[in-house]
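Engineer: work.csv (CSV, C-alpha atoms) pasted underneath:
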```
chain,number,residue,atom,x,y,z
Y,1016,MET,CA,-25.5,24.9,49.1
Y,1017,THR,CA,-25.3,23.6,45.6
Y,1018,GLU,CA,-23.2,20.5,45.0
Y,1019,GLU,CA,-20.4,20.9,42.5
Y,1020,LYS,CA,-20.7,18.9,39.3
Y,1021,GLN,CA,-18.2,16.1,38.5
Y,1022,ILE,CA,-16.7,16.5,35.1
Y,1023,VAL,CA,-15.0,13.8,33.1
Y,1024,LYS,CA,-13.5,14.1,29.6
Y,1025,LEU,CA,-13.7,12.0,26.5
Y,1026,VAL,CA,-11.1,12.7,23.9
Y,1027,ILE,CA,-11.9,12.1,20.2
Y,1028,THR,CA,-8.8,12.4,18.0
Y,1029,GLY,CA,-7.2,11.2,14.8
Y,1030,PRO,CA,-5.9,12.6,11.5
Y,1031,VAL,CA,-7.6,15.2,9.4
Y,1032,ASN,CA,-10.9,14.4,7.7
Y,1033,ALA,CA,-11.7,11.2,9.7
Y,1034,GLY,CA,-15.0,12.4,11.2
Y,1035,LYS,CA,-14.0,13.7,14.7
Y,1036,THR,CA,-16.2,16.9,14.5
Y,1037,THR,CA,-19.2,14.8,13.5
Y,1038,MET,CA,-18.7,12.4,16.3
Y,1039,VAL,CA,-18.4,15.1,18.9
Y,1040,GLN,CA,-21.7,16.5,17.6
Y,1041,ASN,CA,-23.3,13.0,17.7
Y,1042,LEU,CA,-22.4,12.4,21.3
Y,1043,SER,CA,-23.1,15.9,22.7
Y,1044,ASP,CA,-26.3,17.5,24.1
Y,1045,SER,CA,-25.1,20.6,22.5
Y,1046,GLN,CA,-21.9,21.6,20.7
Y,1047,ILE,CA,-20.4,24.6,22.4
Y,1048,ALA,CA,-17.5,25.3,20.1
Y,1049,ALA,CA,-16.3,24.2,16.7
Y,1050,THR,CA,-13.3,26.0,15.6
Y,1051,ASP,CA,-13.4,25.2,11.9
Y,1052,VAL,CA,-11.6,27.4,9.4
Y,1053,ALA,CA,-11.1,27.3,5.7
Y,1054,ALA,CA,-8.3,24.7,5.1
Y,1055,THR,CA,-5.0,25.7,3.6
Y,1056,ASP,CA,-1.9,23.6,2.6
Y,1057,GLN,CA,-2.5,19.9,1.9
Y,1058,VAL,CA,-5.6,19.8,4.1
Y,1059,SER,CA,-7.5,21.9,1.5
Y,1060,GLN,CA,-7.3,19.0,-0.9
Y,1061,LEU,CA,-9.2,16.8,1.6
Y,1062,LYS,CA,-11.9,19.2,2.7
Y,1063,ALA,CA,-12.9,22.9,2.7
Y,1064,MET,CA,-13.0,23.4,6.4
Y,1065,THR,CA,-10.8,21.9,9.1
Y,1066,THR,CA,-10.6,22.2,12.9
Y,1067,VAL,CA,-7.7,24.3,14.2
Y,1068,GLY,CA,-8.6,24.5,17.9
Y,1069,LEU,CA,-10.9,22.1,19.6
Y,1070,ASP,CA,-14.3,20.8,19.0
Y,1071,PHE,CA,-16.0,20.9,22.3
Y,1072,GLY,CA,-19.3,19.4,23.4
Y,1073,ILE,CA,-21.1,18.5,26.6
Y,1074,LEU,CA,-23.1,15.4,27.5
Y,1075,LYS,CA,-25.1,15.8,30.7
Y,1076,ILE,CA,-25.0,12.4,32.4
Y,1077,ASP,CA,-27.2,13.2,35.4
Y,1078,ASP,CA,-27.6,16.0,37.9
Y,1079,SER,CA,-24.1,15.5,39.3
Y,1080,LEU,CA,-22.0,14.3,36.4
Y,1081,GLU,CA,-21.1,15.8,33.0
Y,1082,MET,CA,-19.0,14.4,30.2
Y,1083,HIS,CA,-17.0,16.9,28.2
Y,1084,LEU,CA,-16.1,15.8,24.7
Y,1085,PHE,CA,-12.9,17.2,23.1
Y,1086,GLY,CA,-12.3,16.7,19.4
Y,1087,THR,CA,-8.7,17.5,18.9
Y,1088,PRO,CA,-7.0,18.8,15.8
Y,1089,GLY,CA,-6.0,16.1,13.4
Y,1090,GLN,CA,-2.4,16.9,13.0
Y,1091,ALA,CA,0.5,15.3,14.9
Y,1092,ARG,CA,1.9,18.7,15.6
Y,1093,PHE,CA,-0.8,19.2,18.2
Y,1094,ASN,CA,0.3,16.1,20.2
Y,1095,PHE,CA,1.5,18.4,23.0
Y,1096,MET,CA,-2.2,18.9,23.9
Y,1097,TRP,CA,-2.4,15.4,25.3
Y,1098,LYS,CA,-0.7,16.5,28.5
Y,1099,ILE,CA,-3.7,18.8,29.3
Y,1100,LEU,CA,-6.5,16.7,27.8
Y,1101,SER,CA,-5.6,13.4,29.5
Y,1102,LYS,CA,-6.1,14.8,33.0
Y,1103,GLY,CA,-9.4,13.5,34.2
Y,1104,ALA,CA,-10.1,11.8,30.9
Y,1105,ILE,CA,-11.9,8.4,30.9
Y,1106,GLY,CA,-10.7,7.3,27.5
Y,1107,ALA,CA,-9.7,8.2,24.0
Y,1108,ILE,CA,-11.2,7.4,20.6
Y,1109,PHE,CA,-9.0,7.6,17.5
Y,1110,LEU,CA,-10.7,7.9,14.2
Y,1111,VAL,CA,-8.8,7.1,11.0
Y,1112,ASP,CA,-9.9,7.4,7.3
Y,1113,SER,CA,-9.6,3.8,6.0
Y,1114,THR,CA,-9.1,5.0,2.5
Y,1115,SER,CA,-6.2,7.4,2.9
Y,1116,ASP,CA,-2.5,6.5,3.1
Y,1117,GLU,CA,-1.8,10.1,4.4
Y,1118,SER,CA,-4.3,9.5,7.2
Y,1119,MET,CA,-2.6,6.2,8.1
Y,1120,LEU,CA,0.9,7.9,8.2
Y,1121,GLU,CA,-0.4,10.7,10.4
Y,1122,MET,CA,-2.3,8.3,12.6
Y,1123,LYS,CA,0.8,6.2,13.1
Y,1124,LYS,CA,2.7,9.3,14.4
Y,1125,MET,CA,-0.1,10.3,16.6
Y,1126,PHE,CA,-0.6,6.8,18.0
Y,1127,GLU,CA,3.1,6.3,18.7
Y,1128,TYR,CA,3.1,9.5,20.7
Y,1129,PHE,CA,-0.1,8.5,22.5
Y,1130,SER,CA,1.2,5.0,23.4
Y,1131,GLU,CA,4.4,6.4,24.8
Y,1132,ASN,CA,3.0,9.3,26.7
Y,1133,VAL,CA,-0.7,8.7,27.6
Y,1134,ASP,CA,-2.2,6.0,29.8
Y,1135,LEU,CA,-5.9,5.9,28.8
Y,1136,PRO,CA,-8.3,3.2,27.5
Y,1137,VAL,CA,-8.4,3.6,23.8
Y,1138,VAL,CA,-10.2,2.2,20.7
Y,1139,VAL,CA,-9.7,3.0,17.0
Y,1140,GLY,CA,-12.6,3.7,14.7
Y,1141,ALA,CA,-12.0,3.0,11.1
Y,1142,THR,CA,-14.2,5.3,9.1
Y,1143,LYS,CA,-15.2,5.3,5.4
Y,1144,GLN,CA,-15.2,1.5,5.2
Y,1145,ASP,CA,-17.9,1.7,2.6
Y,1146,LEU,CA,-15.6,3.5,0.1
Y,1147,PRO,CA,-13.5,1.7,-2.6
Y,1148,GLY,CA,-9.9,1.0,-1.5
Y,1149,ALA,CA,-10.8,1.0,2.2
Y,1150,LYS,CA,-8.3,-1.0,4.3
Y,1151,SER,CA,-9.9,-3.6,6.6
Y,1152,PRO,CA,-9.7,-3.2,10.4
Y,1153,ASP,CA,-7.1,-6.0,10.6
Y,1154,GLU,CA,-5.0,-4.4,7.9
Y,1155,ILE,CA,-5.1,-1.0,9.7
Y,1156,ALA,CA,-4.2,-2.7,13.0
Y,1157,ALA,CA,-1.2,-4.3,11.4
Y,1158,LEU,CA,-0.1,-1.2,9.4
Y,1159,LEU,CA,-0.3,1.0,12.5
Y,1160,GLU,CA,1.2,-1.5,14.8
Y,1161,LEU,CA,-1.7,-1.0,17.3
Y,1162,GLY,CA,-0.8,-4.0,19.5
Y,1163,ASP,CA,-3.9,-4.9,21.6
Y,1164,THR,CA,-5.9,-1.9,20.6
Y,1165,MET,CA,-9.2,-2.7,19.0
Y,1166,VAL,CA,-10.0,-1.4,15.5
Y,1167,ILE,CA,-13.7,-1.1,14.8
Y,1168,PRO,CA,-15.4,-0.2,11.5
Y,1169,VAL,CA,-17.6,2.8,12.1
Y,1170,ASP,CA,-19.7,5.2,10.1
Y,1171,ALA,CA,-19.0,8.4,12.0
Y,1172,ARG,CA,-21.9,10.2,10.2
Y,1173,VAL,CA,-24.4,8.0,11.9
Y,1174,LYS,CA,-25.3,8.6,15.5
Y,1175,GLU,CA,-25.6,4.8,16.2
Y,1176,GLY,CA,-22.1,4.3,14.9
Y,1177,SER,CA,-20.7,7.0,17.3
Y,1178,LYS,CA,-22.7,5.5,20.2
Y,1179,MET,CA,-21.4,2.0,19.4
Y,1180,LEU,CA,-17.8,3.2,19.4
Y,1181,ALA,CA,-18.1,5.1,22.6
Y,1182,LEU,CA,-19.9,2.2,24.3
Y,1183,THR,CA,-17.2,-0.2,23.3
Y,1184,LEU,CA,-14.5,2.1,24.7
Y,1185,LEU,CA,-16.4,2.6,28.0
Y,1186,GLY,CA,-17.4,-1.0,28.3
Y,1187,ASN,CA,-13.8,-2.1,27.9
Y,1188,ALA,CA,-12.8,0.5,30.5
Y,1189,LEU,CA,-15.5,-0.8,32.8
Y,1190,VAL,CA,-14.4,-4.4,32.5
Y,1191,GLU,CA,-10.8,-3.4,33.3
Y,1192,ALA,CA,-11.9,-1.4,36.3
Y,1193,GLN,CA,-14.1,-4.2,37.6
Y,1194,ALA,CA,-11.4,-6.8,37.1
Y,1195,GLY,CA,-9.1,-4.4,39.0
Y,1196,ASP,CA,-11.5,-4.5,41.9
Y,1197,GLU,CA,-11.1,-8.2,42.3
Y,1198,GLU,CA,-9.1,-8.9,45.4
Y,1199,PHE,CA,-6.1,-11.2,45.2
Y,1200,ASP,CA,-5.2,-12.2,48.7
Y,1201,ASP,CA,-4.0,-15.7,48.0
Y,1202,ASP,CA,-4.0,-16.6,51.7
Y,1203,ASN,CA,-7.6,-15.6,52.3
Y,1204,TYR,CA,-9.2,-15.8,48.9
Y,1205,ASP,CA,-12.0,-18.3,48.5
Y,1206,TYR,CA,-11.6,-19.9,45.1
Y,1207,ASP,CA,-15.2,-21.0,45.1
Y,1208,GLU,CA,-16.0,-17.3,44.4
Y,1209,LEU,CA,-15.9,-16.6,40.7
Y,1210,PHE,CA,-14.9,-13.0,40.8
C,1159,MET,CA,-14.0,-26.4,37.8
C,1160,ASN,CA,-12.1,-23.9,39.9
C,1161,SER,CA,-9.0,-24.3,37.7
C,1162,LEU,CA,-10.5,-21.5,35.6
C,1163,VAL,CA,-10.7,-19.3,38.7
C,1164,TYR,CA,-7.0,-19.9,39.4
C,1165,LEU,CA,-6.0,-19.2,35.9
C,1166,ARG,CA,-8.0,-16.0,35.8
C,1167,ARG,CA,-6.5,-14.8,39.1
C,1168,MET,CA,-3.0,-15.6,37.9
C,1169,ILE,CA,-3.4,-13.7,34.6
C,1170,ILE,CA,-5.3,-10.6,36.1
C,1171,ASN,CA,-2.8,-10.4,39.0
C,1172,GLN,CA,0.1,-9.9,36.5
C,1173,LYS,CA,2.6,-11.2,39.1
C,1174,PRO,CA,5.0,-14.1,38.8
C,1175,ALA,CA,3.2,-17.2,39.8
C,1176,ARG,CA,3.5,-21.0,39.7
C,1177,LEU,CA,0.3,-23.1,39.2
C,1178,ASP,CA,0.6,-26.6,40.5
C,1179,TYR,CA,-2.0,-29.1,39.2
C,1180,THR,CA,-2.7,-32.7,39.9
C,1181,LYS,CA,-4.4,-35.2,37.6
C,1182,GLY,CA,-4.6,-38.7,39.0
C,1183,SER,CA,-1.4,-39.2,40.9
C,1184,VAL,CA,0.7,-36.9,38.8
C,1185,THR,CA,1.5,-33.3,39.8
C,1186,LYS,CA,2.9,-30.8,37.4
C,1187,SER,CA,3.5,-27.1,37.3
C,1188,ILE,CA,3.2,-24.2,34.9
C,1189,TYR,CA,4.9,-20.8,35.4
C,1190,TYR,CA,3.5,-17.4,34.6
C,1191,GLU,CA,5.4,-14.1,34.5
C,1192,ARG,CA,5.7,-11.0,32.3
C,1193,ALA,CA,2.2,-11.6,31.0
C,1194,GLY,CA,3.1,-15.0,29.6
C,1195,PHE,CA,3.3,-18.7,30.4
C,1196,GLU,CA,6.8,-20.2,30.4
C,1197,GLY,CA,7.6,-22.8,27.7
C,1198,SER,CA,7.2,-23.4,24.0
C,1199,HIS,CA,3.9,-22.9,22.2
C,1200,ASN,CA,3.0,-26.6,22.2
C,1201,GLU,CA,4.1,-27.3,25.8
C,1202,VAL,CA,2.1,-24.4,27.2
C,1203,ALA,CA,-1.0,-25.4,25.2
C,1204,GLN,CA,-0.8,-29.0,26.4
C,1205,LYS,CA,-0.2,-28.0,30.0
C,1206,LEU,CA,-3.2,-25.6,30.0
C,1207,ARG,CA,-5.4,-28.3,28.7
C,1208,GLU,CA,-4.2,-30.5,31.5
C,1209,VAL,CA,-5.0,-27.6,34.0
C,1210,PHE,CA,-8.5,-27.4,32.6
C,1211,GLU,CA,-9.1,-31.0,33.5
C,1212,ALA,CA,-7.0,-31.2,36.7
C,1213,ASP,CA,-8.4,-32.8,39.8
C,1214,SER,CA,-6.9,-30.1,42.0
C,1215,VAL,CA,-4.9,-26.9,41.4
C,1216,ASN,CA,-3.0,-24.5,43.6
C,1217,VAL,CA,-1.3,-21.1,42.8
C,1218,VAL,CA,1.9,-20.0,44.5
C,1219,THR,CA,2.8,-16.3,43.9
C,1220,SER,CA,6.4,-15.4,44.3
C,1221,THR,CA,9.1,-13.3,42.6
C,1222,ASP,CA,11.7,-16.0,43.4
C,1223,PHE,CA,11.2,-18.4,40.6
C,1224,ASN,CA,14.1,-19.7,38.5
C,1225,PRO,CA,12.7,-20.0,34.9
C,1226,LEU,CA,13.9,-23.0,32.9
C,1227,THR,CA,13.6,-21.2,29.6
C,1228,SER,CA,13.2,-17.6,28.5
C,1229,LYS,CA,10.4,-18.5,26.1
C,1230,ARG,CA,7.0,-17.0,27.1
C,1231,ILE,CA,3.7,-17.4,25.4
C,1232,PHE,CA,1.5,-14.3,25.8
C,1233,ALA,CA,-1.6,-15.2,27.8
C,1234,PRO,CA,-4.2,-14.5,25.0
C,1235,GLN,CA,-2.1,-16.5,22.5
C,1236,ALA,CA,-1.6,-19.4,25.0
C,1237,ILE,CA,-5.3,-19.6,25.9
C,1238,SER,CA,-6.2,-19.4,22.1
C,1239,SER,CA,-3.9,-22.3,21.4
C,1240,ALA,CA,-5.1,-24.4,24.3
C,1241,LEU,CA,-8.7,-24.0,23.2
C,1242,ALA,CA,-8.1,-24.5,19.5
C,1243,GLY,CA,-10.1,-27.6,18.7
C,1244,TYR,CA,-10.6,-28.4,22.4
C,1245,THR,CA,-13.4,-30.7,23.1
C,1246,PHE,CA,-14.6,-32.3,26.3
C,1247,ASN,CA,-16.2,-35.4,27.7
C,1248,ALA,CA,-19.6,-35.5,29.4
C,1249,GLU,CA,-18.2,-35.0,32.8
C,1250,MET,CA,-16.2,-31.9,31.7
C,1251,ARG,CA,-19.2,-30.6,29.9
C,1252,ALA,CA,-21.3,-30.9,33.0
C,1253,SER,CA,-18.7,-29.1,35.0
C,1254,LEU,CA,-18.5,-26.2,32.5
C,1255,LEU,CA,-22.3,-25.9,32.3
C,1256,SER,CA,-22.5,-25.8,36.1
C,1257,PHE,CA,-19.8,-23.2,36.2
C,1258,THR,CA,-21.7,-21.2,33.5
C,1259,MET,CA,-24.8,-21.3,35.6
C,1260,ARG,CA,-23.0,-19.6,38.5
C,1261,LEU,CA,-21.9,-16.6,36.5
C,1262,PRO,CA,-23.8,-13.4,37.3
C,1263,PRO,CA,-25.0,-10.8,34.7
C,1264,LEU,CA,-21.8,-9.7,32.9
C,1265,ILE,CA,-20.1,-6.9,31.1
C,1266,VAL,CA,-18.0,-7.9,28.1
C,1267,ARG,CA,-14.8,-6.4,26.9
C,1268,LEU,CA,-14.0,-6.3,23.2
C,1269,TYR,CA,-10.4,-7.5,22.6
C,1270,PRO,CA,-8.7,-8.3,19.3
C,1271,MET,CA,-8.5,-12.0,19.9
C,1272,GLN,CA,-8.4,-12.7,16.2
C,1273,ARG,CA,-4.8,-11.3,16.3
C,1274,TYR,CA,-3.9,-14.3,18.5
C,1275,ALA,CA,-5.6,-16.9,16.2
C,1276,PHE,CA,-8.6,-17.4,18.5
C,1277,GLN,CA,-10.6,-19.9,16.4
C,1278,ASP,CA,-13.9,-19.0,18.0
C,1279,ASN,CA,-13.5,-15.3,17.4
C,1280,SER,CA,-16.8,-14.9,15.5
C,1281,ALA,CA,-18.7,-16.5,18.4
C,1282,TYR,CA,-17.0,-14.0,20.7
C,1283,MET,CA,-17.9,-11.1,18.4
C,1284,LYS,CA,-21.6,-12.3,18.6
C,1285,MET,CA,-21.4,-12.4,22.3
C,1286,HIS,CA,-20.1,-8.9,22.5
C,1287,MET,CA,-22.8,-7.8,20.1
C,1288,GLN,CA,-25.4,-9.3,22.5
C,1289,TYR,CA,-23.8,-7.4,25.3
C,1290,GLN,CA,-23.8,-4.1,23.3
C,1291,HIS,CA,-27.4,-4.6,22.4
C,1292,ASN,CA,-28.8,-5.5,25.8
C,1293,GLY,CA,-26.5,-3.6,28.0
C,1294,SER,CA,-25.6,-6.7,30.0
C,1295,PHE,CA,-24.8,-10.2,29.2
C,1296,ARG,CA,-26.1,-13.5,30.6
C,1297,MET,CA,-23.7,-16.4,29.8
C,1298,GLN,CA,-26.4,-18.9,30.7
C,1299,SER,CA,-28.7,-17.7,27.9
C,1300,TYR,CA,-25.8,-17.5,25.5
C,1301,VAL,CA,-24.8,-21.1,26.1
C,1302,SER,CA,-28.3,-22.4,26.2
C,1303,GLN,CA,-29.1,-20.8,22.8
C,1304,ALA,CA,-26.6,-23.1,21.1
C,1305,GLU,CA,-28.0,-24.7,18.0
C,1306,ASN,CA,-26.3,-28.0,18.4
C,1307,THR,CA,-23.6,-29.9,20.3
C,1308,ARG,CA,-20.8,-28.4,18.3
C,1309,ASP,CA,-22.1,-24.9,18.7
C,1310,GLU,CA,-22.4,-25.5,22.5
C,1311,ILE,CA,-18.8,-26.6,22.6
C,1312,VAL,CA,-17.8,-23.4,20.8
C,1313,ARG,CA,-19.8,-21.2,23.2
C,1314,LEU,CA,-18.3,-23.0,26.2
C,1315,ARG,CA,-14.8,-22.4,24.8
C,1316,VAL,CA,-15.7,-18.7,24.4
C,1317,MET,CA,-16.9,-18.7,28.0
C,1318,MET,CA,-13.6,-20.3,29.1
C,1319,ALA,CA,-11.4,-17.8,27.1
C,1320,THR,CA,-13.2,-14.7,28.1
C,1321,TYR,CA,-13.4,-15.7,31.8
C,1322,ILE,CA,-9.8,-16.7,32.1
C,1323,LEU,CA,-8.5,-13.6,30.3
C,1324,GLY,CA,-10.6,-11.2,32.2
C,1325,LEU,CA,-12.7,-10.2,29.2
C,1326,ILE,CA,-15.9,-10.6,31.2
C,1327,ALA,CA,-16.6,-9.1,34.6
C,1328,PRO,CA,-19.7,-9.0,36.9
C,1329,MET,CA,-22.1,-6.2,36.3
C,1330,ASN,CA,-22.3,-5.0,39.9
C,1331,ALA,CA,-20.9,-1.5,39.7
C,1332,PRO,CA,-22.5,0.8,42.3
C,1333,ARG,CA,-24.4,3.0,39.8
C,1334,ASN,CA,-25.9,5.5,42.2
C,1335,GLU,CA,-22.8,6.5,44.2
C,1336,ASN,CA,-22.4,10.2,44.1
C,1337,HIS,CA,-19.0,11.0,45.3
C,1338,GLN,CA,-16.9,13.9,44.3
C,1339,VAL,CA,-14.2,12.5,41.9
C,1340,THR,CA,-11.1,14.5,41.4
C,1341,GLN,CA,-8.7,14.0,38.5
C,1342,SER,CA,-6.1,12.4,40.8
C,1343,MET,CA,-8.7,10.0,42.1
C,1344,LEU,CA,-9.4,8.8,38.6
C,1345,GLN,CA,-5.8,8.1,38.0
C,1346,ARG,CA,-5.0,6.5,41.3
C,1347,ASN,CA,-5.3,2.7,41.7
C,1348,ALA,CA,-6.8,2.6,45.2
C,1349,PRO,CA,-9.8,0.3,45.4
C,1350,GLN,CA,-12.1,3.1,46.6
C,1351,SER,CA,-11.1,5.2,43.6
C,1352,ARG,CA,-11.8,2.2,41.2
C,1353,LYS,CA,-15.3,1.8,42.7
C,1354,ARG,CA,-16.0,5.4,42.0
C,1355,LYS,CA,-14.6,5.0,38.5
C,1356,THR,CA,-16.8,2.1,37.8
C,1357,SER,CA,-19.8,4.1,39.1
C,1358,ILE,CA,-19.0,6.9,36.7
C,1359,LEU,CA,-18.4,4.6,33.7
C,1360,SER,CA,-21.7,2.8,34.4
C,1361,ARG,CA,-23.7,6.0,34.5
C,1362,ILE,CA,-22.1,7.3,31.3
C,1363,ILE,CA,-22.8,4.0,29.5
C,1364,ASP,CA,-26.4,4.2,30.6
C,1365,ARG,CA,-26.7,7.7,29.3
C,1366,ILE,CA,-25.1,7.1,26.0
C,1367,ARG,CA,-27.3,4.0,25.4
C,1368,GLY,CA,-30.3,6.3,25.9
C,1369,LEU,CA,-29.1,8.9,23.3
```
Would you mind writing the file out in structure tokens?
Structural biologist:
Amino acid sequence: MTEEKQIVKLVITGPVNAGKTTMVQNLSDSQIAATDVAATDQVSQLKAMTTVGLDFGILKIDDSLEMHLFGTPGQARFNFMWKILSKGAIGAIFLVDSTSDESMLEMKKMFEYFSENVDLPVVVGATKQDLPGAKSPDEIAALLELGDTMVIPVDARVKEGSKMLALTLLGNALVEAQAGDEEFDDDNYDYDELF
Amino acid sequence: MNSLVYLRRMIINQKPARLDYTKGSVTKSIYYERAGFEGSHNEVAQKLREVFEADSVNVVTSTDFNPLTSKRIFAPQAISSALAGYTFNAEMRASLLSFTMRLPPLIVRLYPMQRYAFQDNSAYMKMHMQYQHNGSFRMQSYVSQAENTRDEIVRLRVMMATYILGLIAPMNAPRNENHQVTQSMLQRNAPQSRKRKTSILSRIIDRIRGL
């Protein structure tokens, strides 16, 4: 009898033209689907092709575990998809174009929805930091009212940048999970133990 | 040096608590609830410094406290303020070094401490970079690599802040557990579910590091 694989999800989201499709590709063994179409409306001014469905990739972790990567469309009108995507997800990465005011506005709407409706570990990657007019991570955090969410400069085109962002998200989630494992029975706890 | 342990437990626990501490013959208290310490900015910073150096500490958890003021200083802000410019004598240094030696290999969380005016944020960033680079972090090495006394003080302050605020945790996840994890298990808070979650996260981290 073959053992059923465990599957967890990682969601990569954010406004249009921030680098989500590239990050899904960078972190996947193979990209199964990229639903790019020729952009219309305002998006066509930003790039020729945009994602209308989902980018989807798989990273095989070991024989019994797979991580499925979902790159979700970069428009706030697709927020409803969170309800489905967050089930079984281990975290979310938001990418935002540091040079674009439109990207910031869209990101603010998306993040507000996320904060109110989704309970997942999250980090924000600030892309295009090398371009003129890019806002700094601290400026972005203040502008988007991100609270305690970490904003990290990232070059989404570079595999190492994608890895670093994912590792930061997962490392943060791991520390939270480990800290949650600490037992707090005040009557019986030995305070000589450090954790 | 177990005042750090008490503070960490109080903050991670996220429950109303009173920490009683004694220095010499004087006993004082500091209250914690709703993710913050009760009191004004300066009062809290001063009391936390006294807690660091207390002869003895004790935590009482209860929901039945009568706060004296509605002012609360959010824990990262309070710890940042208490550690701003904080220096210590030879005895305290020895205690902190001894405490550091007892820490196991660690995982490090990246948290926006600069938003709470943490003066040693750049040293904390370097610490996280070391963790990212090596996949685990040894506080002993980090502190012993200090270039001078001043640098050692900074690194010990970073150790104190990250430990108390729960930004470091032991790297002891059961990496090879192979349980079936359902979606509901991932979302539940049961300890067994958390162990499975840490196992999954550790395995994914190892895999991504190898990409």
Engineer: Which residue, C:Gln1288, C:Ser1253, C:Asn1279, C:Gln1272, has the smallest gap to chain Y when you use only C-alpha atoms?
Structural biologist: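 Once distances to chain Y are computed over only C-alpha atoms, the minimum belongs to C:Gln1272.
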Engineer: Residues of chain Y near chain C: apply a cut-off of 6 Å, count only C-alpha atoms, and supply the list as a PyMOL selection string.
Structural biologist: chain Y and resi 1076+1103+1165+1187+1189-1190
Engineer: What's the separation between CA of Glu1208 in chain Y and CA of Gln1193 in chain Y, in Å to one decimal place?
Structural biologist: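 About the pair CA of Glu1208 in chain Y and CA of Gln1193 in chain Y: they are 14.9 Å apart.
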Engineer: Report the distance between CA of Met1283 in chain C and CA of Val1316 in chain C in Å, rounded to one decimal place.
Structural biologist: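 Interatomic distance, CA of Met1283 in chain C to CA of Val1316 in chain C: 9.9 Å.
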Engineer: Measuring between all atoms listed in the file, which one of Y:Val1173, Y:Lys1124, Y:Ile1105, Y:Gly1162 shows the shortest distance to Ala1188 in chain Y?
Structural biologist: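 Answer, going by the shortest atom-to-atom distance: Y:Ile1105.
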Engineer: What is the distance, in Å and to one decimal place, between CA of Gln1298 in chain C and CA of Ala1203 in chain C?
Structural biologist: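 About the pair CA of Gln1298 in chain C and CA of Ala1203 in chain C: they are 26.8 Å apart.
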Engineer: May I have the protein, DNA and RNA residues with an atom at most 8 Å from (-4.7, -18.8, 28.8), counting only C-alpha atoms in the file's coordinates, returned as a VMD selection string?
Structural biologist: chain C and resid 1165 1169 1206 1233 to 1238 1240 1319 1322 to 1323
Engineer: Quick one: which range 1106-1190 of chain Y residues come within 8 Å of range 1079-1092 of chain Y, and what is the nearest atom pair for each with the distance in Å to one decimal, counting all atoms listed in the file, rows ordered by chain and ascending number, as a tab-separated table?
Structural biologist:
```
residue	atom	partner	partner_atom	distance
Y:Glu1121	CA	Y:Ala1091	CA	6.5
Y:Met1122	CA	Y:Ala1091	CA	7.9
Y:Lys1124	CA	Y:Ala1091	CA	6.4
Y:Met1125	CA	Y:Ala1091	CA	5.3
```
Engineer: Those residues you just picked out, can you put them in a file as a PDB file, in the frame of the given file with C-alpha atoms?
Structural biologist:
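File again_26.pdb, as written:
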```pdb
ATOM      1  CA  GLU Y1121      -0.400  10.700  10.400  1.00  0.00           C
ATOM      2  CA  MET Y1122      -2.300   8.300  12.600  1.00  0.00           C
ATOM      3  CA  LYS Y1124       2.700   9.300  14.400  1.00  0.00           C
ATOM      4  CA  MET Y1125      -0.100  10.300  16.600  1.00  0.00           C
TER       5      MET Y1125
END
```
Engineer: Could you write range 1217-1226 of chain C of the block just shown to a file containing N, CA and C atoms, as an mmCIF file, in the first residue's frame?
Structural biologist:
```
data_model
loop_
_atom_site.group_PDB
_atom_site.id
_atom_site.type_symbol
_atom_site.label_atom_id
_atom_site.label_comp_id
_atom_site.auth_asym_id
_atom_site.auth_seq_id
_atom_site.Cartn_x
_atom_site.Cartn_y
_atom_site.Cartn_z
ATOM 1 N N VAL C 1217 6.708 35.007 39.044
ATOM 2 C CA VAL C 1217 5.590 35.433 38.200
ATOM 3 C C VAL C 1217 4.294 34.840 38.731
ATOM 4 N N VAL C 1218 3.280 35.692 38.849
ATOM 5 C CA VAL C 1218 1.952 35.227 39.248
ATOM 6 C C VAL C 1218 1.017 35.499 38.084
ATOM 7 N N THR C 1219 0.424 34.444 37.539
ATOM 8 C CA THR C 1219 -0.521 34.651 36.436
ATOM 9 C C THR C 1219 -1.926 34.694 37.008
ATOM 10 N N SER C 1220 -2.676 35.667 36.572
ATOM 11 C CA SER C 1220 -4.048 35.818 37.052
ATOM 12 C C SER C 1220 -4.785 36.758 36.133
ATOM 13 N N THR C 1221 -6.091 36.589 36.072
ATOM 14 C CA THR C 1221 -6.884 37.541 35.289
ATOM 15 C C THR C 1221 -7.520 38.559 36.216
ATOM 16 N N ASP C 1222 -7.145 38.504 37.463
ATOM 17 C CA ASP C 1222 -7.839 39.263 38.490
ATOM 18 C C ASP C 1222 -7.035 40.471 38.993
ATOM 19 N N PHE C 1223 -6.288 41.097 38.103
ATOM 20 C CA PHE C 1223 -5.503 42.254 38.533
ATOM 21 C C PHE C 1223 -6.302 43.538 38.381
ATOM 22 N N ASN C 1224 -6.008 44.480 39.245
ATOM 23 C CA ASN C 1224 -6.625 45.802 39.119
ATOM 24 C C ASN C 1224 -5.566 46.789 38.659
ATOM 25 N N PRO C 1225 -5.519 47.060 37.370
ATOM 26 C CA PRO C 1225 -4.461 47.950 36.882
ATOM 27 C C PRO C 1225 -4.567 49.354 37.470
ATOM 28 N N LEU C 1226 -3.413 49.944 37.745
ATOM 29 C CA LEU C 1226 -3.376 51.293 38.317
ATOM 30 C C LEU C 1226 -3.541 52.350 37.231
#
```
